>>> print(open('entry-v4.cif').read())   # mmCIF, N, CA and C atoms
data_upload
loop_
_atom_site.label_atom_id
_atom_site.label_comp_id
_atom_site.auth_asym_id
_atom_site.auth_seq_id
_atom_site.Cartn_x
_atom_site.Cartn_y
_atom_site.Cartn_z
N MET A 1 -92.29 38.02 55.18
CA MET A 1 -91.58 39.20 55.62
C MET A 1 -92.32 40.44 55.13
N GLU A 2 -92.53 41.37 56.03
CA GLU A 2 -93.23 42.60 55.72
C GLU A 2 -92.33 43.53 54.92
N LYS A 3 -92.93 44.20 53.93
CA LYS A 3 -92.17 45.15 53.12
C LYS A 3 -91.82 46.38 53.95
N ALA A 4 -90.56 46.78 53.90
CA ALA A 4 -90.08 47.94 54.66
C ALA A 4 -90.54 49.23 53.99
N THR A 5 -90.96 50.18 54.81
CA THR A 5 -91.27 51.51 54.32
C THR A 5 -89.96 52.27 54.21
N LEU A 6 -89.71 52.81 53.04
CA LEU A 6 -88.46 53.51 52.79
C LEU A 6 -88.58 54.97 53.23
N PRO A 7 -87.80 55.38 54.22
CA PRO A 7 -87.86 56.78 54.65
C PRO A 7 -87.13 57.68 53.65
N GLN A 8 -87.41 58.97 53.70
CA GLN A 8 -86.71 59.94 52.85
C GLN A 8 -85.26 60.11 53.30
N VAL A 9 -85.05 60.03 54.61
CA VAL A 9 -83.74 60.27 55.19
C VAL A 9 -83.30 59.03 55.96
N GLY A 10 -82.08 58.58 55.70
CA GLY A 10 -81.51 57.48 56.46
C GLY A 10 -80.45 58.01 57.41
N LEU A 11 -80.59 57.66 58.69
CA LEU A 11 -79.64 58.10 59.71
C LEU A 11 -78.70 56.96 60.05
N PHE A 12 -77.42 57.23 59.96
CA PHE A 12 -76.40 56.33 60.49
C PHE A 12 -75.76 57.07 61.65
N VAL A 13 -75.78 56.45 62.83
CA VAL A 13 -75.20 57.09 64.00
C VAL A 13 -74.19 56.16 64.66
N CYS A 14 -73.24 56.77 65.35
CA CYS A 14 -72.21 56.02 66.05
C CYS A 14 -72.83 55.02 67.02
N PHE A 15 -73.57 55.51 67.97
CA PHE A 15 -74.26 54.73 69.01
C PHE A 15 -73.42 53.60 69.56
N SER A 16 -72.13 53.87 69.75
CA SER A 16 -71.26 52.82 70.28
C SER A 16 -71.67 52.41 71.67
N GLY A 17 -72.18 53.34 72.45
CA GLY A 17 -72.56 53.04 73.81
C GLY A 17 -71.38 52.92 74.75
N GLY A 18 -70.18 53.03 74.23
CA GLY A 18 -69.00 52.94 75.06
C GLY A 18 -68.64 54.24 75.75
N SER A 19 -69.24 55.33 75.29
CA SER A 19 -68.96 56.64 75.89
C SER A 19 -70.25 57.46 75.89
N ASN A 20 -70.21 58.56 76.59
CA ASN A 20 -71.37 59.45 76.64
C ASN A 20 -71.75 59.96 75.25
N SER A 21 -70.76 60.34 74.47
CA SER A 21 -71.07 60.93 73.16
C SER A 21 -71.62 59.89 72.18
N GLY A 22 -71.11 58.68 72.25
CA GLY A 22 -71.65 57.61 71.41
C GLY A 22 -73.08 57.29 71.78
N SER A 23 -73.36 57.21 73.08
CA SER A 23 -74.73 56.97 73.55
C SER A 23 -75.66 58.09 73.11
N LEU A 24 -75.17 59.33 73.21
CA LEU A 24 -75.99 60.49 72.82
C LEU A 24 -76.43 60.43 71.37
N THR A 25 -75.56 59.96 70.48
CA THR A 25 -75.94 59.91 69.06
C THR A 25 -77.14 58.99 68.86
N GLY A 26 -77.13 57.86 69.55
CA GLY A 26 -78.23 56.91 69.41
C GLY A 26 -79.52 57.38 70.04
N MET A 27 -79.41 57.93 71.24
CA MET A 27 -80.61 58.42 71.92
C MET A 27 -81.24 59.58 71.15
N ALA A 28 -80.41 60.46 70.62
CA ALA A 28 -80.92 61.58 69.83
C ALA A 28 -81.55 61.10 68.53
N ALA A 29 -80.96 60.09 67.90
CA ALA A 29 -81.53 59.55 66.65
C ALA A 29 -82.93 58.99 66.90
N LEU A 30 -83.10 58.30 68.00
CA LEU A 30 -84.44 57.78 68.34
C LEU A 30 -85.43 58.92 68.54
N GLU A 31 -84.98 59.99 69.18
CA GLU A 31 -85.84 61.17 69.38
C GLU A 31 -86.21 61.81 68.05
N VAL A 32 -85.26 61.86 67.12
CA VAL A 32 -85.54 62.44 65.79
C VAL A 32 -86.61 61.63 65.07
N VAL A 33 -86.51 60.31 65.13
CA VAL A 33 -87.53 59.46 64.50
C VAL A 33 -88.89 59.70 65.17
N ARG A 34 -88.89 59.82 66.49
CA ARG A 34 -90.14 60.09 67.20
C ARG A 34 -90.74 61.43 66.74
N ARG A 35 -89.92 62.45 66.59
CA ARG A 35 -90.41 63.78 66.19
C ARG A 35 -90.87 63.84 64.74
N LEU A 36 -90.06 63.30 63.84
CA LEU A 36 -90.33 63.47 62.41
C LEU A 36 -91.12 62.32 61.79
N GLY A 37 -91.16 61.20 62.47
CA GLY A 37 -91.90 60.04 61.96
C GLY A 37 -91.06 59.16 61.06
N GLY A 38 -91.40 57.89 61.05
CA GLY A 38 -90.66 56.89 60.30
C GLY A 38 -90.75 57.01 58.80
N GLU A 39 -91.75 57.72 58.30
CA GLU A 39 -91.84 57.93 56.84
C GLU A 39 -90.80 58.95 56.40
N ARG A 40 -90.47 59.86 57.28
CA ARG A 40 -89.51 60.92 56.95
C ARG A 40 -88.07 60.50 57.22
N VAL A 41 -87.85 59.84 58.36
CA VAL A 41 -86.48 59.49 58.74
C VAL A 41 -86.46 58.10 59.38
N GLY A 42 -85.43 57.34 59.03
CA GLY A 42 -85.25 56.01 59.61
C GLY A 42 -83.80 55.80 60.01
N ILE A 43 -83.61 55.01 61.06
CA ILE A 43 -82.26 54.69 61.50
C ILE A 43 -81.80 53.45 60.74
N CYS A 44 -80.66 53.57 60.08
CA CYS A 44 -80.10 52.47 59.30
C CYS A 44 -79.14 51.67 60.17
N SER A 45 -79.04 50.39 59.90
CA SER A 45 -78.18 49.51 60.68
C SER A 45 -76.76 49.51 60.11
N LEU A 46 -75.87 50.17 60.83
CA LEU A 46 -74.46 50.19 60.42
C LEU A 46 -73.86 48.78 60.42
N PRO A 47 -74.07 47.98 61.47
CA PRO A 47 -73.51 46.62 61.45
C PRO A 47 -74.05 45.77 60.30
N ALA A 48 -75.35 45.86 60.02
CA ALA A 48 -75.93 45.07 58.93
C ALA A 48 -75.34 45.48 57.58
N LEU A 49 -75.16 46.79 57.39
CA LEU A 49 -74.59 47.26 56.13
C LEU A 49 -73.15 46.79 55.98
N LEU A 50 -72.37 46.91 57.05
CA LEU A 50 -70.97 46.49 56.99
C LEU A 50 -70.84 44.98 56.83
N ASN A 51 -71.83 44.26 57.33
CA ASN A 51 -71.84 42.80 57.19
C ASN A 51 -72.46 42.36 55.86
N GLN A 52 -72.76 43.33 55.01
CA GLN A 52 -73.29 43.11 53.66
C GLN A 52 -74.59 42.32 53.64
N VAL A 53 -75.47 42.64 54.60
CA VAL A 53 -76.81 42.04 54.59
C VAL A 53 -77.53 42.59 53.37
N PRO A 54 -77.93 41.72 52.43
CA PRO A 54 -78.47 42.20 51.16
C PRO A 54 -79.66 43.14 51.27
N ARG A 55 -80.60 42.84 52.14
CA ARG A 55 -81.79 43.68 52.25
C ARG A 55 -81.41 45.09 52.71
N GLN A 56 -80.54 45.19 53.73
CA GLN A 56 -80.14 46.51 54.24
C GLN A 56 -79.39 47.28 53.16
N SER A 57 -78.49 46.61 52.46
CA SER A 57 -77.72 47.27 51.39
C SER A 57 -78.64 47.79 50.30
N ALA A 58 -79.62 47.00 49.92
CA ALA A 58 -80.56 47.41 48.87
C ALA A 58 -81.40 48.60 49.32
N LEU A 59 -81.86 48.58 50.55
CA LEU A 59 -82.68 49.68 51.05
C LEU A 59 -81.87 50.97 51.14
N VAL A 60 -80.67 50.89 51.68
CA VAL A 60 -79.84 52.09 51.83
C VAL A 60 -79.53 52.72 50.48
N SER A 61 -79.32 51.92 49.47
CA SER A 61 -78.99 52.46 48.15
C SER A 61 -80.15 53.25 47.54
N LYS A 62 -81.36 53.06 48.06
CA LYS A 62 -82.54 53.75 47.53
C LYS A 62 -82.96 54.98 48.34
N ILE A 63 -82.35 55.18 49.48
CA ILE A 63 -82.74 56.30 50.34
C ILE A 63 -82.26 57.61 49.73
N GLU A 64 -83.14 58.60 49.74
CA GLU A 64 -82.89 59.89 49.11
C GLU A 64 -81.73 60.66 49.74
N LYS A 65 -81.64 60.67 51.09
CA LYS A 65 -80.62 61.47 51.77
C LYS A 65 -80.03 60.66 52.92
N ILE A 66 -78.70 60.62 52.99
CA ILE A 66 -78.00 59.92 54.06
C ILE A 66 -77.38 60.95 55.01
N VAL A 67 -77.66 60.76 56.31
CA VAL A 67 -77.11 61.62 57.35
C VAL A 67 -76.28 60.74 58.29
N ILE A 68 -75.06 61.17 58.55
CA ILE A 68 -74.21 60.45 59.51
C ILE A 68 -73.99 61.35 60.71
N VAL A 69 -74.12 60.77 61.91
CA VAL A 69 -73.87 61.50 63.15
C VAL A 69 -72.83 60.72 63.95
N ASP A 70 -71.71 61.36 64.19
CA ASP A 70 -70.64 60.79 65.01
C ASP A 70 -70.58 61.51 66.35
N GLY A 71 -70.13 60.78 67.36
CA GLY A 71 -70.05 61.35 68.69
C GLY A 71 -68.75 62.08 68.98
N CYS A 72 -67.70 61.74 68.26
CA CYS A 72 -66.40 62.33 68.61
C CYS A 72 -65.48 62.45 67.40
N HIS A 73 -64.28 62.93 67.69
CA HIS A 73 -63.26 63.18 66.67
C HIS A 73 -62.81 61.93 65.92
N ASN A 74 -63.07 60.75 66.48
CA ASN A 74 -62.66 59.51 65.78
C ASN A 74 -63.47 59.24 64.52
N GLN A 75 -64.65 59.83 64.42
CA GLN A 75 -65.51 59.72 63.23
C GLN A 75 -65.73 58.27 62.80
N CYS A 76 -66.01 57.40 63.74
CA CYS A 76 -66.13 55.96 63.44
C CYS A 76 -67.21 55.66 62.40
N ALA A 77 -68.41 56.20 62.59
CA ALA A 77 -69.49 55.89 61.65
C ALA A 77 -69.12 56.38 60.24
N ARG A 78 -68.62 57.60 60.16
CA ARG A 78 -68.25 58.16 58.85
C ARG A 78 -67.16 57.33 58.18
N GLN A 79 -66.14 56.95 58.93
CA GLN A 79 -65.04 56.19 58.34
C GLN A 79 -65.47 54.77 57.95
N LEU A 80 -66.28 54.14 58.78
CA LEU A 80 -66.76 52.80 58.44
C LEU A 80 -67.60 52.82 57.17
N LEU A 81 -68.48 53.80 57.06
CA LEU A 81 -69.29 53.90 55.84
C LEU A 81 -68.45 54.25 54.62
N ALA A 82 -67.46 55.10 54.79
CA ALA A 82 -66.56 55.43 53.67
C ALA A 82 -65.84 54.18 53.18
N SER A 83 -65.55 53.26 54.10
CA SER A 83 -64.83 52.04 53.71
C SER A 83 -65.66 51.14 52.79
N VAL A 84 -66.97 51.36 52.77
CA VAL A 84 -67.83 50.60 51.84
C VAL A 84 -68.42 51.51 50.76
N GLY A 85 -67.80 52.69 50.60
CA GLY A 85 -68.17 53.58 49.50
C GLY A 85 -69.37 54.48 49.74
N ILE A 86 -69.76 54.68 50.98
CA ILE A 86 -70.91 55.54 51.26
C ILE A 86 -70.44 56.84 51.90
N GLU A 87 -70.78 57.95 51.26
CA GLU A 87 -70.49 59.28 51.78
C GLU A 87 -71.82 59.93 52.14
N PRO A 88 -71.84 60.71 53.21
CA PRO A 88 -73.10 61.33 53.64
C PRO A 88 -73.48 62.53 52.80
N ASP A 89 -74.77 62.77 52.73
CA ASP A 89 -75.26 64.03 52.18
C ASP A 89 -75.11 65.11 53.24
N LEU A 90 -75.28 64.70 54.50
CA LEU A 90 -75.17 65.61 55.64
C LEU A 90 -74.40 64.92 56.74
N TYR A 91 -73.62 65.70 57.49
CA TYR A 91 -72.79 65.12 58.55
C TYR A 91 -72.80 66.01 59.78
N LEU A 92 -72.88 65.36 60.94
CA LEU A 92 -72.83 66.07 62.21
C LEU A 92 -71.90 65.32 63.15
N ASN A 93 -71.00 66.07 63.78
CA ASN A 93 -70.09 65.50 64.76
C ASN A 93 -70.30 66.26 66.07
N LEU A 94 -70.66 65.53 67.13
CA LEU A 94 -71.01 66.18 68.38
C LEU A 94 -69.87 67.00 68.97
N GLU A 95 -68.65 66.49 68.90
CA GLU A 95 -67.51 67.25 69.42
C GLU A 95 -67.23 68.49 68.57
N GLU A 96 -67.14 68.27 67.27
CA GLU A 96 -66.74 69.34 66.35
C GLU A 96 -67.81 70.41 66.18
N HIS A 97 -69.05 69.99 65.97
CA HIS A 97 -70.09 70.94 65.62
C HIS A 97 -70.91 71.44 66.81
N LEU A 98 -71.03 70.63 67.86
CA LEU A 98 -71.85 71.01 69.01
C LEU A 98 -71.05 71.22 70.28
N GLU A 99 -69.75 70.99 70.19
CA GLU A 99 -68.84 71.16 71.33
C GLU A 99 -69.26 70.33 72.55
N ILE A 100 -69.75 69.13 72.29
CA ILE A 100 -70.07 68.19 73.36
C ILE A 100 -68.87 67.27 73.50
N GLY A 101 -68.23 67.32 74.65
CA GLY A 101 -67.02 66.54 74.87
C GLY A 101 -67.30 65.07 75.13
N LYS A 102 -66.38 64.27 74.66
CA LYS A 102 -66.40 62.84 74.94
C LYS A 102 -65.73 62.63 76.29
N ASN A 103 -66.43 61.95 77.21
CA ASN A 103 -65.88 61.74 78.56
C ASN A 103 -64.96 60.54 78.65
N GLY A 104 -64.87 59.77 77.60
CA GLY A 104 -63.97 58.63 77.61
C GLY A 104 -64.71 57.31 77.72
N PRO A 105 -63.95 56.23 77.75
CA PRO A 105 -64.59 54.91 77.78
C PRO A 105 -65.37 54.69 79.08
N PHE A 106 -66.38 53.87 78.96
CA PHE A 106 -67.21 53.44 80.09
C PHE A 106 -67.97 54.59 80.74
N THR A 107 -68.36 55.57 79.91
CA THR A 107 -69.16 56.70 80.40
C THR A 107 -70.52 56.71 79.70
N SER A 108 -71.01 55.55 79.37
CA SER A 108 -72.21 55.37 78.55
C SER A 108 -73.43 56.16 79.02
N LEU A 109 -73.60 56.30 80.31
CA LEU A 109 -74.80 56.95 80.84
C LEU A 109 -74.55 58.38 81.33
N GLU A 110 -73.40 58.93 81.00
CA GLU A 110 -73.06 60.28 81.45
C GLU A 110 -73.51 61.34 80.44
N TYR A 111 -74.82 61.41 80.26
CA TYR A 111 -75.42 62.44 79.43
C TYR A 111 -76.75 62.81 80.08
N THR A 112 -77.29 63.95 79.68
CA THR A 112 -78.54 64.43 80.26
C THR A 112 -79.64 64.42 79.21
N ASP A 113 -80.86 64.49 79.69
CA ASP A 113 -82.00 64.59 78.77
C ASP A 113 -81.91 65.87 77.94
N SER A 114 -81.42 66.94 78.56
CA SER A 114 -81.30 68.19 77.80
C SER A 114 -80.27 68.05 76.68
N GLN A 115 -79.21 67.27 76.90
CA GLN A 115 -78.25 67.02 75.82
C GLN A 115 -78.89 66.20 74.70
N VAL A 116 -79.67 65.20 75.06
CA VAL A 116 -80.37 64.40 74.04
C VAL A 116 -81.25 65.31 73.19
N GLN A 117 -81.99 66.20 73.85
CA GLN A 117 -82.88 67.11 73.12
C GLN A 117 -82.08 68.08 72.24
N ALA A 118 -80.96 68.57 72.75
CA ALA A 118 -80.13 69.51 71.97
C ALA A 118 -79.53 68.84 70.74
N VAL A 119 -79.08 67.61 70.89
CA VAL A 119 -78.53 66.88 69.74
C VAL A 119 -79.64 66.56 68.75
N ALA A 120 -80.81 66.15 69.25
CA ALA A 120 -81.95 65.90 68.36
C ALA A 120 -82.34 67.17 67.61
N ASP A 121 -82.35 68.31 68.30
CA ASP A 121 -82.64 69.59 67.65
C ASP A 121 -81.67 69.85 66.51
N ALA A 122 -80.39 69.59 66.75
CA ALA A 122 -79.36 69.83 65.73
C ALA A 122 -79.55 68.91 64.53
N ILE A 123 -79.90 67.65 64.78
CA ILE A 123 -80.12 66.71 63.68
C ILE A 123 -81.35 67.12 62.88
N VAL A 124 -82.43 67.49 63.56
CA VAL A 124 -83.65 67.93 62.87
C VAL A 124 -83.35 69.17 62.03
N SER A 125 -82.61 70.12 62.59
CA SER A 125 -82.24 71.33 61.86
C SER A 125 -81.43 70.99 60.62
N LEU A 126 -80.50 70.08 60.76
CA LEU A 126 -79.67 69.65 59.64
C LEU A 126 -80.53 69.02 58.54
N ILE A 127 -81.43 68.14 58.93
CA ILE A 127 -82.31 67.47 57.97
C ILE A 127 -83.21 68.47 57.27
N GLN A 128 -83.68 69.46 58.01
CA GLN A 128 -84.61 70.43 57.44
C GLN A 128 -83.90 71.54 56.68
N GLY A 129 -82.60 71.37 56.47
CA GLY A 129 -81.90 72.27 55.57
C GLY A 129 -81.13 73.39 56.20
N GLY A 130 -80.81 73.26 57.47
CA GLY A 130 -80.19 74.36 58.16
C GLY A 130 -78.70 74.48 58.16
N ALA A 131 -78.01 73.59 58.77
CA ALA A 131 -76.67 73.84 59.27
C ALA A 131 -75.56 73.82 58.23
N ALA A 132 -74.48 74.47 58.62
CA ALA A 132 -73.28 74.53 57.79
C ALA A 132 -72.46 73.26 57.89
N THR A 133 -72.99 72.25 58.56
CA THR A 133 -72.27 71.00 58.70
C THR A 133 -72.54 70.07 57.52
N ALA A 134 -73.30 70.56 56.57
CA ALA A 134 -73.63 69.73 55.42
C ALA A 134 -72.40 69.48 54.57
N SER A 135 -72.29 68.25 54.10
CA SER A 135 -71.23 67.95 53.15
C SER A 135 -71.89 67.52 51.86
N THR A 136 -71.37 67.96 50.76
CA THR A 136 -71.97 67.59 49.49
C THR A 136 -71.50 66.21 49.10
N SER A 137 -72.39 65.48 48.50
CA SER A 137 -72.03 64.14 48.07
C SER A 137 -72.87 63.77 46.86
N ASP A 138 -72.36 62.87 46.11
CA ASP A 138 -72.99 62.37 44.91
C ASP A 138 -73.72 61.08 45.28
N ASN A 139 -75.00 60.96 44.94
CA ASN A 139 -75.76 59.75 45.27
C ASN A 139 -75.16 58.49 44.68
N SER A 140 -74.32 58.61 43.67
CA SER A 140 -73.71 57.42 43.09
C SER A 140 -72.76 56.76 44.07
N LYS A 141 -72.37 57.48 45.12
CA LYS A 141 -71.48 56.91 46.13
C LYS A 141 -72.29 56.15 47.19
N ARG A 142 -73.54 55.89 46.93
CA ARG A 142 -74.44 55.29 47.88
C ARG A 142 -74.39 53.78 47.87
N SER A 143 -73.92 53.18 46.81
CA SER A 143 -73.92 51.73 46.71
C SER A 143 -72.78 51.12 47.49
N PRO A 144 -73.11 50.24 48.43
CA PRO A 144 -72.04 49.56 49.17
C PRO A 144 -71.21 48.71 48.23
N SER A 145 -69.91 48.62 48.49
CA SER A 145 -69.01 47.81 47.67
C SER A 145 -69.28 46.35 47.86
#
>>> encode(input="entry-v4.cif", output="structure tokens")
Amino acid sequence: MEKATLPQVGLFVCFSGGSNSGSLTGMAALEVVRRLGGERVGICSLPALLNQVPRQSALVSKIEKIVIVDGCHNQCARQLLASVGIEPDLYLNLEEHLEIGKNGPFTSLEYTDSQVQAVADAIVSLIQGGAATASTSDNSKRSPS
């Protein structure tokens, strides 16, 4: 097994794919990795962490900064991570912070390339120290239960 390169920033995104806003979080996260590079930012596996996969849990506990991006008011990614004791250093919610509406279930492909770019811009800005959407957190809350 190849040793994983640990990025400075770990991204957890909703990426449910069940709605436009969930799909947007995932597509934008991929764009952020493309822009900033894998050494700077990596997408973390929410299912693997929740399933207590040891390697994923160990890697996440070592990442310098955790960013969570949710697509809507339900805050699924944030709440799921909170259930295992992980709070974000930075948080972005597409509905709340970017006013991108959720179109409802089964709207997975109802987003535009310009929306993907706008969400990616917001995530990059957040990572680079910009937005007021930052939430303070203690790194000691990083260890999964």
>>> closest_residue(input="entry-v4.cif", among="A:Thr112, A:Gln128, A:Ala48, A:Asp70", to="Tyr91 (chain A)", atoms="all atoms listed in the file")
A:Asp70
>>> resolve_selection(input="entry-v4.cif", expression="the PyMOL selection byres ((chain A and resi 93) around 6)", output="PyMOL selection string")
chain A and resi 69-72+91-92+94-98
>>> closest_atom_pairs(input="entry-v4.cif", of="region 52-118 of chain A", to="region 7-13 of chain A", cutoff="6 Å", atoms="only C-alpha atoms", output="JSON lines")
{"residue": "A:Ile63", "atom": "CA", "partner": "A:Gln8", "partner_atom": "CA", "distance": 5.9}
{"residue": "A:Glu64", "atom": "CA", "partner": "A:Gln8", "partner_atom": "CA", "distance": 5.3}
{"residue": "A:Lys65", "atom": "CA", "partner": "A:Val9", "partner_atom": "CA", "distance": 4.8}
{"residue": "A:Ile66", "atom": "CA", "partner": "A:Gly10", "partner_atom": "CA", "distance": 4.9}
{"residue": "A:Val67", "atom": "CA", "partner": "A:Leu11", "partner_atom": "CA", "distance": 4.9}
{"residue": "A:Ile68", "atom": "CA", "partner": "A:Phe12", "partner_atom": "CA", "distance": 4.8}
{"residue": "A:Val69", "atom": "CA", "partner": "A:Val13", "partner_atom": "CA", "distance": 4.7}
{"residue": "A:Asp70", "atom": "CA", "partner": "A:Val13", "partner_atom": "CA", "distance": 6.0}
>>> select_by_dssp(input="entry-v4.cif", residues="chain A", states="helix (DSSP H, G or I)", output="PyMOL selection string")
chain A and resi 20-36+46-50+54-62+76-82+94-98+113-127+139-142
>>> axis_aligned_box(input="entry-v4.cif", around="region 93-96 of chain A", padding_each_side="3 Å", output="JSON")
{"center_x": -68.9, "center_y": 68.0, "center_z": 66.6, "size_x": 10.3, "size_y": 10.9, "size_z": 11.6}
>>> residues_around(input="entry-v4.cif", residues="Val33 (chain A)", least_positions_apart="6", cutoff="8 Å", atoms="all atoms listed in the file", output="list in words")
Glu39, Arg40, Val41, Gly42, Ile43 and Ala120 of chain A
>>> atom_distance(input="entry-v4.cif", atom1="CA of Ala77 (chain A)", atom2="CA of Ser16 (chain A)")
9.3 Å
>>> select_by_dssp(input="entry-v4.cif", residues="chain A", states="strand (DSSP E)", output="MDAnalysis selection string")
chainID A and resid 9:13 41:43 65:70 90:93
>>> write_last_selection(input="entry-v4.cif", atoms="N, CA and C atoms", output="mmCIF file, in the frame of the given file")
data_model
loop_
_atom_site.group_PDB
_atom_site.id
_atom_site.type_symbol
_atom_site.label_atom_id
_atom_site.label_comp_id
_atom_site.auth_asym_id
_atom_site.auth_seq_id
_atom_site.Cartn_x
_atom_site.Cartn_y
_atom_site.Cartn_z
ATOM 1 N N VAL A 9 -85.050 60.030 54.610
ATOM 2 C CA VAL A 9 -83.740 60.270 55.190
ATOM 3 C C VAL A 9 -83.300 59.030 55.960
ATOM 4 N N GLY A 10 -82.080 58.580 55.700
ATOM 5 C CA GLY A 10 -81.510 57.480 56.460
ATOM 6 C C GLY A 10 -80.450 58.010 57.410
ATOM 7 N N LEU A 11 -80.590 57.660 58.690
ATOM 8 C CA LEU A 11 -79.640 58.100 59.710
ATOM 9 C C LEU A 11 -78.700 56.960 60.050
ATOM 10 N N PHE A 12 -77.420 57.230 59.960
ATOM 11 C CA PHE A 12 -76.400 56.330 60.490
ATOM 12 C C PHE A 12 -75.760 57.070 61.650
ATOM 13 N N VAL A 13 -75.780 56.450 62.830
ATOM 14 C CA VAL A 13 -75.200 57.090 64.000
ATOM 15 C C VAL A 13 -74.190 56.160 64.660
ATOM 16 N N VAL A 41 -87.850 59.840 58.360
ATOM 17 C CA VAL A 41 -86.480 59.490 58.740
ATOM 18 C C VAL A 41 -86.460 58.100 59.380
ATOM 19 N N GLY A 42 -85.430 57.340 59.030
ATOM 20 C CA GLY A 42 -85.250 56.010 59.610
ATOM 21 C C GLY A 42 -83.800 55.800 60.010
ATOM 22 N N ILE A 43 -83.610 55.010 61.060
ATOM 23 C CA ILE A 43 -82.260 54.690 61.500
ATOM 24 C C ILE A 43 -81.800 53.450 60.740
ATOM 25 N N LYS A 65 -81.640 60.670 51.090
ATOM 26 C CA LYS A 65 -80.620 61.470 51.770
ATOM 27 C C LYS A 65 -80.030 60.660 52.920
ATOM 28 N N ILE A 66 -78.700 60.620 52.990
ATOM 29 C CA ILE A 66 -78.000 59.920 54.060
ATOM 30 C C ILE A 66 -77.380 60.950 55.010
ATOM 31 N N VAL A 67 -77.660 60.760 56.310
ATOM 32 C CA VAL A 67 -77.110 61.620 57.350
ATOM 33 C C VAL A 67 -76.280 60.740 58.290
ATOM 34 N N ILE A 68 -75.060 61.170 58.550
ATOM 35 C CA ILE A 68 -74.210 60.450 59.510
ATOM 36 C C ILE A 68 -73.990 61.350 60.710
ATOM 37 N N VAL A 69 -74.120 60.770 61.910
ATOM 38 C CA VAL A 69 -73.870 61.500 63.150
ATOM 39 C C VAL A 69 -72.830 60.720 63.950
ATOM 40 N N ASP A 70 -71.710 61.360 64.190
ATOM 41 C CA ASP A 70 -70.640 60.790 65.010
ATOM 42 C C ASP A 70 -70.580 61.510 66.350
ATOM 43 N N LEU A 90 -75.280 64.700 54.500
ATOM 44 C CA LEU A 90 -75.170 65.610 55.640
ATOM 45 C C LEU A 90 -74.400 64.920 56.740
ATOM 46 N N TYR A 91 -73.620 65.700 57.490
ATOM 47 C CA TYR A 91 -72.790 65.120 58.550
ATOM 48 C C TYR A 91 -72.800 66.010 59.780
ATOM 49 N N LEU A 92 -72.880 65.360 60.940
ATOM 50 C CA LEU A 92 -72.830 66.070 62.210
ATOM 51 C C LEU A 92 -71.900 65.320 63.150
ATOM 52 N N ASN A 93 -71.000 66.070 63.780
ATOM 53 C CA ASN A 93 -70.090 65.500 64.760
ATOM 54 C C ASN A 93 -70.300 66.260 66.070
#
>>> resolve_selection(input="entry-v4.cif", expression="the PyMOL selection byres (((chain A and resi 81 and name CA) around 12) and name CA)", output="NGL selection string")
:A and (11-14 or 44-52 or 57 or 60 or 66-70 or 75-80 or 82-88 or 141-145)
>>> closest_residue(input="entry-v4.cif", among="A:Thr5, A:Ser19, A:Thr25, A:Asn74", to="Ser108 (chain A)", atoms="only N, CA and C atoms")
A:Ser19
>>> closest_residue(input="entry-v4.cif", among="A:Leu90, A:Arg55, A:Gly26, A:Phe15", to="Gln117 (chain A)", atoms="only C-alpha atoms")
A:Gly26
>>> atom_distance(input="entry-v4.cif", atom1="atom C of Gly17 (chain A)", atom2="CA of Glu31 (chain A)")
17.5 Å
>>> atom_distance(input="entry-v4.cif", atom1="CA of Leu6 (chain A)", atom2="CA of Ser23 (chain A)")
25.1 Å
>>> resolve_selection(input="entry-v4.cif", expression="the PyMOL selection byres ((chain A and resi 20) around 7)", output="list in words")
Gly17, Gly18, Ser19, Ser21, Gly22, Ser23, Leu24, Thr25, Gly71, Gly101, Lys102, Asn103, Gly104, Pro105, Phe106, Thr107, Ser108, Leu109, Glu110 and Tyr111 of chain A
>>> decode(input="entry-v4.cif", residues="region 106-118 of chain A", atoms="C-alpha atoms", output="compact mmCIF listing (two decimals), in the first residue's frame")
# COMPACT_ATOMS: atom_id res chain seq x y z
CA PHE A 106 -33.75 14.01 -7.74
CA THR A 107 -32.28 17.26 -9.07
CA SER A 108 -28.72 15.96 -9.14
CA LEU A 109 -27.77 17.51 -12.47
CA GLU A 110 -29.57 20.83 -12.08
CA TYR A 111 -26.51 23.01 -11.66
CA THR A 112 -24.33 24.99 -14.04
CA ASP A 113 -20.61 25.17 -14.63
CA SER A 114 -20.70 28.77 -13.48
CA GLN A 115 -22.21 27.62 -10.16
CA VAL A 116 -19.45 25.02 -9.77
CA GLN A 117 -16.86 27.74 -10.35
CA ALA A 118 -18.58 30.15 -7.94
